[in-house]
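J.: I have a structure here, written as structure tokens, and I will follow up with some questions on it.
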Amino acid sequence: MARAEKKIVINVKPLTSLKAWKDLKAHAREAAKWNLRTLFADDPKRGERFTAEAVGLFLDYSKNRVTDETLKILFALAEESKLRERTHAMFSGQKINITEKRAVLHVALRAPKGASIVVDGENVVPKVHEVLDRMSAFSDRVRSGEWKGHTGKRIKNVVNIGIGGSDLGPVMAYEALKHYSDRALTFRFVSNVDSTDFAEAVQDLDAAETLFIVSSKTFTTLETMTNAHTARSWLLERLGGDESSIARHFVAVSTNAGEVTKFGIDTANMFGFWDWVGGRYSMDSAIGLSTMLAIGPDGFRAMLDGFHQMDEHFRTAPLEKNLPVLLALLSVWYTDFFDAQTIAILPYEQYLKRFPAYLQQLTMESNGKHVTLKGKEVRYNTSPIYWGEPGTNGQHSFYQLIHQGTRLIPCDFIGFYKTLNPLGAHHDILLANVFAQAEALAFGKTAEQVNAEGTPDWLVPHRVFEGNRPSNTILAEELTPAVLGKLIALYEHCVFTQGVVWQINSFDQWGVELGKALAQKIIPELESASEPQLAHDSSTNHLIGLYRKHKK
Ligand code: G6Q
């Protein structure tokens, strides 16, 4: 395996010395002169040609500053970066997360029962299905009321305690699939170590009707364990202090059976996963237990099938028709050749309100890296900043900057042909705004057009829209569990492709460690009754002193 790992790292020349990269550099000097208005005028079929459709997702990428030639070189870049080989390495369970010596197998979480994916000599697919079956049986018991709380009452509230990858996916999926959820159950999500988060989540809940899911891959995360212990005390205080009540009100999702047992949760009530599931890629593992409780086992399996369809598309479709590859290469084009610093994710679907936040972790924790797989400082920009809000709300706030600001912000618009809540003209109005925004960004409004409307000369510059702002439009039939799975997998594989091109490890996150370690040092300094000897920098020392003084 050591040899295989080495091969994965060394078989590509440095990015900046690849032919396609150099070609793109030269090509970008030309592209700087292009305008979407002319690109469209020169090719009346552009809006139909620059599109791709797969597994029920439609992508219009015509409003990008690209030509056939640009795409050709971008595809050559993917080939030279050995995207296909790296994809094969991931799907076949090779340990591509080289800094942690782990396989990266979220795709195994949604592989069908008969599939075989071998890690360290073991086919992991049967284990995945065994956990899924246990989750299904448990969800059925809770949803049917068969699973009772300690006092014999039925469970009406589910509180997921977790943070980062053990929270963002579950929250996003719950919000996204609320339409399909069992409304007799109330769902809350506690992540922040700020006590307000826990206090507000439980303030109107009856402990006798409440089930806590402690979701933590490691079961050692400071925030989650602090909240889990608080939840334990909260429950015991309300149920008469009987420790045996824990078994009826706490379940765990983790890879760490030892810590789960230490906490007092019976491993019979633990749902496992494995070190080859990264936190931010785990919402379709047992970390999705809250999702399954909300939408039921069938809905959850439909979501997994959606993920799997996109996996297969990504793995097998030619680059020119490959949705994740197209999205990734376009983002590389803007990030590295137009110096775009951010990408906006703009879902025109209220249920996807947490989707941009979810993607922030997926994209930025994965590709916010400054060294290559070989440990060399990169000489190009890696992940852009991903951000966004649902439309049309954003239009009344930050879109101004996208339309007329000084920065280039490529946008992904996401919309659906059908709404889950048809009401009068709402959906036509919503979709009209998707199309209008993408059109306005691309084509703008010239000084001549503004003039022709009778605008006084002095006002004209203020009312001109330069246009030439790129965007993708992604459309699907309607938001179902399967479509959600497809959308998430679309961005997962986009992130993977970006990482391959940038030659970085998308699957570790050492950057979160330093702050965690320093906090562990500072906690006793804040808590200590006697004056601590502080040995930080003068700013940190002063801040700690101020806090100690005021908390008294
Ligand atoms: C994700 C990260 C991180 C992780 C949290 C929670 O890829 O690793 O966000 O999910 O720190 O970790 P635990 O699940 O171990 O509590």
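Labeling convention for the structure tokens: chains A, B, ... as they appear, residues from 1 per chain, ligands from 1 in order of appearance.
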Name the residues of stretch 43-234 of chain A that come out as helix (DSSP H, G or I) in a backbone DSSP run; write them as a PyMOL selection string.
T.: chain A and resi 46-49+68-80+83-91+106-110+125-144+164-166+168-176+178-180+195-202+207-209+222-234
J.: Residues within 6 Å of ligand 1 (only C-alpha atoms and all ligand atoms), as an NGL selection string?
T.: :A and (163-166 or 216-219 or 221 or 278-280)
J.: Name the residues of stretch 166-361 of chain A that come out as strand (DSSP E or B) in a backbone DSSP run; write them as a PDB file with all heavy atoms, in the first residue's frame.
T.:
```
ATOM      1  N   THR A 186     -40.707  16.695  16.598  1.00  0.00           N
ATOM      2  CA  THR A 186     -40.005  17.991  16.582  1.00  0.00           C
ATOM      3  C   THR A 186     -38.510  17.714  16.541  1.00  0.00           C
ATOM      4  O   THR A 186     -38.023  16.866  17.303  1.00  0.00           O
ATOM      5  CB  THR A 186     -40.342  18.770  17.870  1.00  0.00           C
ATOM      6  OG1 THR A 186     -41.737  19.064  17.844  1.00  0.00           O
ATOM      7  CG2 THR A 186     -39.551  20.061  17.981  1.00  0.00           C
ATOM      8  N   PHE A 187     -37.798  18.404  15.664  1.00  0.00           N
ATOM      9  CA  PHE A 187     -36.341  18.209  15.558  1.00  0.00           C
ATOM     10  C   PHE A 187     -35.600  19.467  15.962  1.00  0.00           C
ATOM     11  O   PHE A 187     -35.973  20.568  15.558  1.00  0.00           O
ATOM     12  CB  PHE A 187     -35.953  17.819  14.123  1.00  0.00           C
ATOM     13  CG  PHE A 187     -36.354  16.417  13.794  1.00  0.00           C
ATOM     14  CD1 PHE A 187     -37.656  16.128  13.380  1.00  0.00           C
ATOM     15  CD2 PHE A 187     -35.462  15.367  13.942  1.00  0.00           C
ATOM     16  CE1 PHE A 187     -38.049  14.832  13.105  1.00  0.00           C
ATOM     17  CE2 PHE A 187     -35.843  14.061  13.667  1.00  0.00           C
ATOM     18  CZ  PHE A 187     -37.145  13.793  13.260  1.00  0.00           C
ATOM     19  N   ARG A 188     -34.582  19.291  16.768  1.00  0.00           N
ATOM     20  CA  ARG A 188     -33.719  20.408  17.156  1.00  0.00           C
ATOM     21  C   ARG A 188     -32.263  19.970  16.965  1.00  0.00           C
ATOM     22  O   ARG A 188     -31.934  18.783  17.067  1.00  0.00           O
ATOM     23  CB  ARG A 188     -33.941  20.788  18.620  1.00  0.00           C
ATOM     24  CG  ARG A 188     -35.379  21.195  18.944  1.00  0.00           C
ATOM     25  CD  ARG A 188     -35.633  22.678  18.682  1.00  0.00           C
ATOM     26  NE  ARG A 188     -37.048  22.998  18.567  1.00  0.00           N
ATOM     27  CZ  ARG A 188     -37.898  23.183  19.579  1.00  0.00           C
ATOM     28  NH1 ARG A 188     -37.456  23.099  20.819  1.00  0.00           N
ATOM     29  NH2 ARG A 188     -39.155  23.481  19.359  1.00  0.00           N
ATOM     30  N   PHE A 189     -31.403  20.936  16.748  1.00  0.00           N
ATOM     31  CA  PHE A 189     -29.984  20.648  16.504  1.00  0.00           C
ATOM     32  C   PHE A 189     -29.135  21.539  17.394  1.00  0.00           C
ATOM     33  O   PHE A 189     -29.271  22.759  17.349  1.00  0.00           O
ATOM     34  CB  PHE A 189     -29.656  20.878  15.026  1.00  0.00           C
ATOM     35  CG  PHE A 189     -30.441  19.958  14.129  1.00  0.00           C
ATOM     36  CD1 PHE A 189     -31.733  20.295  13.716  1.00  0.00           C
ATOM     37  CD2 PHE A 189     -29.927  18.737  13.748  1.00  0.00           C
ATOM     38  CE1 PHE A 189     -32.485  19.437  12.922  1.00  0.00           C
ATOM     39  CE2 PHE A 189     -30.663  17.868  12.961  1.00  0.00           C
ATOM     40  CZ  PHE A 189     -31.946  18.209  12.549  1.00  0.00           C
ATOM     41  N   VAL A 190     -28.328  20.919  18.217  1.00  0.00           N
ATOM     42  CA  VAL A 190     -27.470  21.672  19.134  1.00  0.00           C
ATOM     43  C   VAL A 190     -26.024  21.436  18.710  1.00  0.00           C
ATOM     44  O   VAL A 190     -25.566  20.298  18.650  1.00  0.00           O
ATOM     45  CB  VAL A 190     -27.658  21.193  20.592  1.00  0.00           C
ATOM     46  CG1 VAL A 190     -26.702  21.940  21.520  1.00  0.00           C
ATOM     47  CG2 VAL A 190     -29.103  21.394  21.034  1.00  0.00           C
ATOM     48  N   THR A 210     -38.286  13.150  24.977  1.00  0.00           N
ATOM     49  CA  THR A 210     -37.159  13.647  24.179  1.00  0.00           C
ATOM     50  C   THR A 210     -36.062  12.592  24.011  1.00  0.00           C
ATOM     51  O   THR A 210     -35.648  11.955  24.976  1.00  0.00           O
ATOM     52  CB  THR A 210     -36.569  14.917  24.838  1.00  0.00           C
ATOM     53  OG1 THR A 210     -37.603  15.896  24.920  1.00  0.00           O
ATOM     54  CG2 THR A 210     -35.411  15.478  24.036  1.00  0.00           C
ATOM     55  N   LEU A 211     -35.620  12.448  22.767  1.00  0.00           N
ATOM     56  CA  LEU A 211     -34.521  11.533  22.455  1.00  0.00           C
ATOM     57  C   LEU A 211     -33.321  12.356  21.993  1.00  0.00           C
ATOM     58  O   LEU A 211     -33.446  13.200  21.103  1.00  0.00           O
ATOM     59  CB  LEU A 211     -34.947  10.595  21.313  1.00  0.00           C
ATOM     60  CG  LEU A 211     -33.873   9.653  20.787  1.00  0.00           C
ATOM     61  CD1 LEU A 211     -33.677   8.474  21.742  1.00  0.00           C
ATOM     62  CD2 LEU A 211     -34.244   9.136  19.399  1.00  0.00           C
ATOM     63  N   PHE A 212     -32.166  12.136  22.616  1.00  0.00           N
ATOM     64  CA  PHE A 212     -30.944  12.814  22.188  1.00  0.00           C
ATOM     65  C   PHE A 212     -30.120  11.869  21.316  1.00  0.00           C
ATOM     66  O   PHE A 212     -29.904  10.704  21.690  1.00  0.00           O
ATOM     67  CB  PHE A 212     -30.090  13.223  23.395  1.00  0.00           C
ATOM     68  CG  PHE A 212     -30.695  14.354  24.191  1.00  0.00           C
ATOM     69  CD1 PHE A 212     -31.430  14.095  25.357  1.00  0.00           C
ATOM     70  CD2 PHE A 212     -30.541  15.673  23.768  1.00  0.00           C
ATOM     71  CE1 PHE A 212     -31.991  15.140  26.081  1.00  0.00           C
ATOM     72  CE2 PHE A 212     -31.098  16.721  24.500  1.00  0.00           C
ATOM     73  CZ  PHE A 212     -31.827  16.456  25.659  1.00  0.00           C
ATOM     74  N   ILE A 213     -29.674  12.390  20.184  1.00  0.00           N
ATOM     75  CA  ILE A 213     -28.711  11.635  19.363  1.00  0.00           C
ATOM     76  C   ILE A 213     -27.377  12.335  19.527  1.00  0.00           C
ATOM     77  O   ILE A 213     -27.230  13.497  19.123  1.00  0.00           O
ATOM     78  CB  ILE A 213     -29.081  11.662  17.865  1.00  0.00           C
ATOM     79  CG1 ILE A 213     -30.512  11.187  17.625  1.00  0.00           C
ATOM     80  CG2 ILE A 213     -28.091  10.827  17.057  1.00  0.00           C
ATOM     81  CD1 ILE A 213     -30.964  11.337  16.166  1.00  0.00           C
ATOM     82  N   VAL A 214     -26.424  11.676  20.149  1.00  0.00           N
ATOM     83  CA  VAL A 214     -25.098  12.283  20.263  1.00  0.00           C
ATOM     84  C   VAL A 214     -24.299  11.827  19.050  1.00  0.00           C
ATOM     85  O   VAL A 214     -23.956  10.648  18.912  1.00  0.00           O
ATOM     86  CB  VAL A 214     -24.396  11.887  21.575  1.00  0.00           C
ATOM     87  CG1 VAL A 214     -23.071  12.642  21.696  1.00  0.00           C
ATOM     88  CG2 VAL A 214     -25.287  12.189  22.776  1.00  0.00           C
ATOM     89  N   SER A 215     -24.056  12.768  18.150  1.00  0.00           N
ATOM     90  CA  SER A 215     -23.407  12.444  16.873  1.00  0.00           C
ATOM     91  C   SER A 215     -21.980  12.944  16.897  1.00  0.00           C
ATOM     92  O   SER A 215     -21.738  14.151  16.870  1.00  0.00           O
ATOM     93  CB  SER A 215     -24.147  13.136  15.719  1.00  0.00           C
ATOM     94  OG  SER A 215     -25.441  12.620  15.588  1.00  0.00           O
ATOM     95  N   PHE A 250     -31.022   8.310  25.101  1.00  0.00           N
ATOM     96  CA  PHE A 250     -29.772   8.667  24.416  1.00  0.00           C
ATOM     97  C   PHE A 250     -29.365   7.566  23.457  1.00  0.00           C
ATOM     98  O   PHE A 250     -29.296   6.402  23.854  1.00  0.00           O
ATOM     99  CB  PHE A 250     -28.616   8.860  25.423  1.00  0.00           C
ATOM    100  CG  PHE A 250     -28.582  10.223  26.042  1.00  0.00           C
ATOM    101  CD1 PHE A 250     -29.368  10.502  27.141  1.00  0.00           C
ATOM    102  CD2 PHE A 250     -27.778  11.218  25.520  1.00  0.00           C
ATOM    103  CE1 PHE A 250     -29.356  11.769  27.722  1.00  0.00           C
ATOM    104  CE2 PHE A 250     -27.748  12.489  26.088  1.00  0.00           C
ATOM    105  CZ  PHE A 250     -28.535  12.764  27.190  1.00  0.00           C
ATOM    106  N   VAL A 251     -29.080   7.949  22.229  1.00  0.00           N
ATOM    107  CA  VAL A 251     -28.401   7.025  21.323  1.00  0.00           C
ATOM    108  C   VAL A 251     -27.158   7.740  20.801  1.00  0.00           C
ATOM    109  O   VAL A 251     -27.068   8.970  20.870  1.00  0.00           O
ATOM    110  CB  VAL A 251     -29.292   6.558  20.142  1.00  0.00           C
ATOM    111  CG1 VAL A 251     -30.488   5.764  20.639  1.00  0.00           C
ATOM    112  CG2 VAL A 251     -29.728   7.732  19.285  1.00  0.00           C
ATOM    113  N   ALA A 252     -26.207   6.962  20.310  1.00  0.00           N
ATOM    114  CA  ALA A 252     -24.957   7.559  19.833  1.00  0.00           C
ATOM    115  C   ALA A 252     -24.696   7.179  18.395  1.00  0.00           C
ATOM    116  O   ALA A 252     -25.052   6.084  17.950  1.00  0.00           O
ATOM    117  CB  ALA A 252     -23.797   7.076  20.701  1.00  0.00           C
ATOM    118  N   VAL A 253     -24.096   8.115  17.672  1.00  0.00           N
ATOM    119  CA  VAL A 253     -23.594   7.812  16.331  1.00  0.00           C
ATOM    120  C   VAL A 253     -22.108   8.105  16.378  1.00  0.00           C
ATOM    121  O   VAL A 253     -21.712   9.244  16.644  1.00  0.00           O
ATOM    122  CB  VAL A 253     -24.275   8.704  15.266  1.00  0.00           C
ATOM    123  CG1 VAL A 253     -23.671   8.401  13.901  1.00  0.00           C
ATOM    124  CG2 VAL A 253     -25.772   8.498  15.257  1.00  0.00           C
ATOM    125  N   SER A 254     -21.306   7.086  16.198  1.00  0.00           N
ATOM    126  CA  SER A 254     -19.874   7.289  16.407  1.00  0.00           C
ATOM    127  C   SER A 254     -19.057   6.145  15.808  1.00  0.00           C
ATOM    128  O   SER A 254     -19.601   5.098  15.443  1.00  0.00           O
ATOM    129  CB  SER A 254     -19.588   7.364  17.912  1.00  0.00           C
ATOM    130  OG  SER A 254     -18.256   7.727  18.139  1.00  0.00           O
ATOM    131  N   MET A 270     -25.961   2.238  19.724  1.00  0.00           N
ATOM    132  CA  MET A 270     -24.947   2.998  18.981  1.00  0.00           C
ATOM    133  C   MET A 270     -24.989   2.589  17.512  1.00  0.00           C
ATOM    134  O   MET A 270     -25.142   1.417  17.196  1.00  0.00           O
ATOM    135  CB  MET A 270     -23.568   2.711  19.573  1.00  0.00           C
ATOM    136  CG  MET A 270     -22.443   3.168  18.684  1.00  0.00           C
ATOM    137  SD  MET A 270     -20.823   2.861  19.418  1.00  0.00           S
ATOM    138  CE  MET A 270     -19.839   2.913  17.932  1.00  0.00           C
ATOM    139  N   PHE A 271     -24.884   3.586  16.651  1.00  0.00           N
ATOM    140  CA  PHE A 271     -24.855   3.323  15.215  1.00  0.00           C
ATOM    141  C   PHE A 271     -23.485   3.746  14.704  1.00  0.00           C
ATOM    142  O   PHE A 271     -23.080   4.893  14.878  1.00  0.00           O
ATOM    143  CB  PHE A 271     -25.988   4.086  14.517  1.00  0.00           C
ATOM    144  CG  PHE A 271     -27.323   3.689  15.071  1.00  0.00           C
ATOM    145  CD1 PHE A 271     -27.859   4.370  16.163  1.00  0.00           C
ATOM    146  CD2 PHE A 271     -28.007   2.596  14.571  1.00  0.00           C
ATOM    147  CE1 PHE A 271     -29.072   3.974  16.723  1.00  0.00           C
ATOM    148  CE2 PHE A 271     -29.215   2.192  15.120  1.00  0.00           C
ATOM    149  CZ  PHE A 271     -29.747   2.878  16.198  1.00  0.00           C
ATOM    150  N   GLY A 272     -22.786   2.805  14.104  1.00  0.00           N
ATOM    151  CA  GLY A 272     -21.383   3.049  13.800  1.00  0.00           C
ATOM    152  C   GLY A 272     -21.138   3.551  12.393  1.00  0.00           C
ATOM    153  O   GLY A 272     -21.992   3.464  11.507  1.00  0.00           O
ATOM    154  N   THR A 342     -14.383  34.470  -4.722  1.00  0.00           N
ATOM    155  CA  THR A 342     -15.532  33.791  -4.105  1.00  0.00           C
ATOM    156  C   THR A 342     -16.449  33.201  -5.173  1.00  0.00           C
ATOM    157  O   THR A 342     -16.374  33.563  -6.336  1.00  0.00           O
ATOM    158  CB  THR A 342     -16.372  34.755  -3.211  1.00  0.00           C
ATOM    159  OG1 THR A 342     -17.290  35.483  -4.030  1.00  0.00           O
ATOM    160  CG2 THR A 342     -15.506  35.722  -2.435  1.00  0.00           C
ATOM    161  N   ILE A 343     -17.310  32.305  -4.738  1.00  0.00           N
ATOM    162  CA  ILE A 343     -18.389  31.781  -5.593  1.00  0.00           C
ATOM    163  C   ILE A 343     -19.670  31.832  -4.768  1.00  0.00           C
ATOM    164  O   ILE A 343     -19.686  31.409  -3.600  1.00  0.00           O
ATOM    165  CB  ILE A 343     -18.089  30.336  -6.047  1.00  0.00           C
ATOM    166  CG1 ILE A 343     -16.917  30.340  -7.040  1.00  0.00           C
ATOM    167  CG2 ILE A 343     -19.328  29.678  -6.664  1.00  0.00           C
ATOM    168  CD1 ILE A 343     -16.542  28.987  -7.604  1.00  0.00           C
ATOM    169  N   ALA A 344     -20.715  32.377  -5.354  1.00  0.00           N
ATOM    170  CA  ALA A 344     -21.989  32.466  -4.624  1.00  0.00           C
ATOM    171  C   ALA A 344     -22.897  31.303  -5.001  1.00  0.00           C
ATOM    172  O   ALA A 344     -23.043  30.969  -6.182  1.00  0.00           O
ATOM    173  CB  ALA A 344     -22.673  33.792  -4.932  1.00  0.00           C
ATOM    174  N   ILE A 345     -23.484  30.691  -3.982  1.00  0.00           N
ATOM    175  CA  ILE A 345     -24.443  29.596  -4.191  1.00  0.00           C
ATOM    176  C   ILE A 345     -25.818  30.166  -3.886  1.00  0.00           C
ATOM    177  O   ILE A 345     -26.099  30.574  -2.746  1.00  0.00           O
ATOM    178  CB  ILE A 345     -24.144  28.414  -3.246  1.00  0.00           C
ATOM    179  CG1 ILE A 345     -22.708  27.908  -3.422  1.00  0.00           C
ATOM    180  CG2 ILE A 345     -25.164  27.284  -3.429  1.00  0.00           C
ATOM    181  CD1 ILE A 345     -22.417  27.207  -4.722  1.00  0.00           C
ATOM    182  N   LEU A 346     -26.676  30.187  -4.896  1.00  0.00           N
ATOM    183  CA  LEU A 346     -27.939  30.912  -4.760  1.00  0.00           C
ATOM    184  C   LEU A 346     -29.130  29.993  -5.065  1.00  0.00           C
ATOM    185  O   LEU A 346     -29.627  29.962  -6.199  1.00  0.00           O
ATOM    186  CB  LEU A 346     -27.921  32.124  -5.700  1.00  0.00           C
ATOM    187  CG  LEU A 346     -26.666  33.021  -5.530  1.00  0.00           C
ATOM    188  CD1 LEU A 346     -26.523  34.002  -6.675  1.00  0.00           C
ATOM    189  CD2 LEU A 346     -26.713  33.756  -4.187  1.00  0.00           C
ATOM    190  N   PRO A 347     -29.577  29.229  -4.072  1.00  0.00           N
ATOM    191  CA  PRO A 347     -30.724  28.353  -4.325  1.00  0.00           C
ATOM    192  C   PRO A 347     -32.040  29.134  -4.274  1.00  0.00           C
ATOM    193  O   PRO A 347     -32.286  29.862  -3.314  1.00  0.00           O
ATOM    194  CB  PRO A 347     -30.662  27.331  -3.170  1.00  0.00           C
ATOM    195  CG  PRO A 347     -29.791  27.923  -2.128  1.00  0.00           C
ATOM    196  CD  PRO A 347     -29.039  29.076  -2.708  1.00  0.00           C
TER     197      PRO A 347
END
```
J.: Give the answer as one residue: which of A:Cys494, A:Leu168, A:Val124, A:Leu77 has the shortest atom-to-atom distance to A:Ile287, using only C-alpha atoms?
T.: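 Ranked by minimum distance to A:Ile287, first place goes to A:Leu168.
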J.: Between A:Lys127, A:Lys353, A:Arg238, A:Arg65, single out the one closest to A:Ala32, counting only C-alpha atoms.
T.: A:Arg65
J.: Skip A:Gly145 itself and residues of its chain fewer than 5 positions away, then list as a PyMOL selection string all residues within 12 Å of it, counting only C-alpha atoms.
T.: chain A and resi 138-140+152-157+184-185+209+293
J.: Could you dump the residues just selected with all heavy atoms as a tab-separated table (two decimals), in the first residue's frame?
T.:
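Now in selection_2.tsv:
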```
chain	number	residue	atom	x	y	z
A	138	PHE	N	-34.57	0.93	14.02
A	138	PHE	CA	-34.71	1.89	15.13
A	138	PHE	C	-35.65	3.03	14.74
A	138	PHE	O	-36.55	3.40	15.52
A	138	PHE	CB	-33.32	2.43	15.50
A	138	PHE	CG	-33.36	3.50	16.55
A	138	PHE	CD1	-33.63	3.18	17.87
A	138	PHE	CD2	-33.13	4.84	16.23
A	138	PHE	CE1	-33.68	4.17	18.86
A	138	PHE	CE2	-33.17	5.83	17.20
A	138	PHE	CZ	-33.45	5.49	18.52
A	139	SER	N	-35.47	3.57	13.55
A	139	SER	CA	-36.33	4.68	13.11
A	139	SER	C	-37.79	4.25	13.09
A	139	SER	O	-38.68	5.00	13.51
A	139	SER	CB	-35.93	5.16	11.72
A	139	SER	OG	-34.62	5.63	11.74
A	140	ASP	N	-38.03	3.06	12.59
A	140	ASP	CA	-39.42	2.57	12.56
A	140	ASP	C	-40.00	2.50	13.96
A	140	ASP	O	-41.16	2.86	14.18
A	140	ASP	CB	-39.48	1.18	11.89
A	140	ASP	CG	-39.36	1.28	10.37
A	140	ASP	OD1	-39.60	2.38	9.83
A	140	ASP	OD2	-39.00	0.26	9.74
A	152	GLY	N	-42.53	5.77	29.88
A	152	GLY	CA	-43.57	5.11	29.08
A	152	GLY	C	-44.20	6.02	28.04
A	152	GLY	O	-45.07	5.59	27.28
A	153	LYS	N	-43.75	7.28	28.01
A	153	LYS	CA	-44.32	8.19	27.00
A	153	LYS	C	-43.64	7.98	25.65
A	153	LYS	O	-42.46	7.62	25.59
A	153	LYS	CB	-44.09	9.65	27.44
A	153	LYS	CG	-45.06	10.17	28.47
A	153	LYS	CD	-44.83	11.66	28.62
A	153	LYS	CE	-45.91	12.35	29.39
A	153	LYS	NZ	-45.59	13.78	29.55
A	154	ARG	N	-44.36	8.29	24.61
A	154	ARG	CA	-43.81	8.14	23.27
A	154	ARG	C	-42.85	9.31	22.96
A	154	ARG	O	-43.01	10.41	23.50
A	154	ARG	CB	-45.02	8.06	22.36
A	154	ARG	CG	-44.93	8.57	21.02
A	154	ARG	CD	-46.24	8.38	20.29
A	154	ARG	NE	-45.84	8.30	18.87
A	154	ARG	CZ	-46.55	7.77	17.93
A	154	ARG	NH1	-47.74	7.27	18.19
A	154	ARG	NH2	-46.12	7.74	16.70
A	155	ILE	N	-41.84	9.06	22.13
A	155	ILE	CA	-40.86	10.10	21.78
A	155	ILE	C	-41.49	11.08	20.79
A	155	ILE	O	-42.01	10.69	19.75
A	155	ILE	CB	-39.59	9.47	21.16
A	155	ILE	CG1	-38.87	8.59	22.17
A	155	ILE	CG2	-38.65	10.54	20.59
A	155	ILE	CD1	-38.34	9.29	23.42
A	156	LYS	N	-41.45	12.36	21.19
A	156	LYS	CA	-41.99	13.38	20.27
A	156	LYS	C	-40.92	14.36	19.81
A	156	LYS	O	-41.15	15.13	18.87
A	156	LYS	CB	-43.10	14.16	20.99
A	156	LYS	CG	-44.35	13.36	21.23
A	156	LYS	CD	-45.52	14.29	21.48
A	156	LYS	CE	-46.76	13.50	21.85
A	156	LYS	NZ	-47.53	14.17	22.90
A	157	ASN	N	-39.77	14.37	20.52
A	157	ASN	CA	-38.73	15.33	20.18
A	157	ASN	C	-37.40	14.61	19.95
A	157	ASN	O	-37.05	13.75	20.73
A	157	ASN	CB	-38.50	16.34	21.31
A	157	ASN	CG	-39.81	16.83	21.88
A	157	ASN	OD1	-40.67	17.31	21.15
A	157	ASN	ND2	-39.97	16.67	23.20
A	184	ALA	N	-45.28	14.99	13.38
A	184	ALA	CA	-45.57	14.70	14.79
A	184	ALA	C	-44.28	14.77	15.61
A	184	ALA	O	-44.33	14.80	16.84
A	184	ALA	CB	-46.20	13.32	14.91
A	185	LEU	N	-43.15	14.75	14.93
A	185	LEU	CA	-41.86	14.82	15.63
A	185	LEU	C	-41.27	16.22	15.50
A	185	LEU	O	-41.33	16.82	14.42
A	185	LEU	CB	-40.88	13.80	15.04
A	185	LEU	CG	-41.15	12.32	15.31
A	185	LEU	CD1	-40.24	11.45	14.43
A	185	LEU	CD2	-40.94	11.98	16.77
A	209	GLU	N	-40.31	12.96	26.73
A	209	GLU	CA	-40.65	12.71	25.32
A	209	GLU	C	-39.49	13.00	24.39
A	209	GLU	O	-39.67	13.15	23.18
A	209	GLU	CB	-41.83	13.61	24.92
A	209	GLU	CG	-43.10	13.36	25.71
A	209	GLU	CD	-44.20	14.36	25.36
A	209	GLU	OE1	-43.87	15.45	24.84
A	209	GLU	OE2	-45.37	14.03	25.60
A	293	LEU	N	-34.94	9.57	10.84
A	293	LEU	CA	-36.08	9.67	11.75
A	293	LEU	C	-37.11	10.65	11.20
A	293	LEU	O	-38.32	10.44	11.35
A	293	LEU	CB	-35.61	10.12	13.14
A	293	LEU	CG	-34.94	9.04	13.98
A	293	LEU	CD1	-34.14	9.65	15.14
A	293	LEU	CD2	-35.98	8.05	14.52
```
J.: Need to verify the contact set: A:Phe91, 7 Å, only C-alpha atoms, exclusion of same-chain residues closer than 2 positions in sequence. Can you return it as number ranges by chain?
T.: A: 87-89, 93, 105, 107
J.: Which residue, A:Ser81, A:Phe50, A:Leu109, A:Pro470, has the smallest gap to A:Lys13 when you use only C-alpha atoms?
T.: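 Once distances to A:Lys13 are computed over only C-alpha atoms, the minimum belongs to A:Ser81.
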J.: Identify, on the basis of only C-alpha atoms, every residue whose closest approach to stretch 193-207 of chain A does not exceed 9 Å; exclude the query and any residue fewer than 4 positions from it along the same chain; express the result as a PyMOL selection string.
T.: chain A and resi 149+156-157+159+161+188-189+211+222-224+226-227+230-231+234-236+238-239+249
J.: Take atom CA of A:Ala103 and atom CA of A:Val277 and report the distance between them in Å, one decimal.
T.: 8.2 Å
J.: Pick from A:Ala173, A:Ala208, A:Leu408, A:Ala26: nearest to A:Leu487, with only C-alpha atoms counted?
T.: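 Closest to A:Leu487, using only C-alpha atoms: A:Ala173.
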J.: For A:Thr392, work out the shell of residues within 8 Å, counting only C-alpha atoms and skipping chain neighbours fewer than 2 positions away, then give it as a list in words.
T.: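 The residues that qualify are Tyr348, Pro390, Gly394, Gln395, His396, Leu430 and Asn433 of chain A.
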J.: Measuring between only C-alpha atoms, which one of A:Leu479, A:Gln400, A:Thr261, A:Leu484 shows the shortest distance to A:His462?
T.: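 The answer is A:Gln400, which sits nearest to A:His462.
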J.: Which polymer residues have any atom within 12 Å of an atom of stretch 333-338 of chain A, counting only C-alpha atoms, with same-chain residues fewer than 6 positions away left out, as a PyMOL selection string?
T.: chain A and resi 15-16+20-33+64-66+70-71+73-75+77-78+326-327+378-386+407-411+469-471+498+501-502
J.: Which of these residues is nearest to A:Val371, using only C-alpha atoms: A:Arg37, A:Ala268, A:Lys549, A:Ile504?
T.: A:Ile504
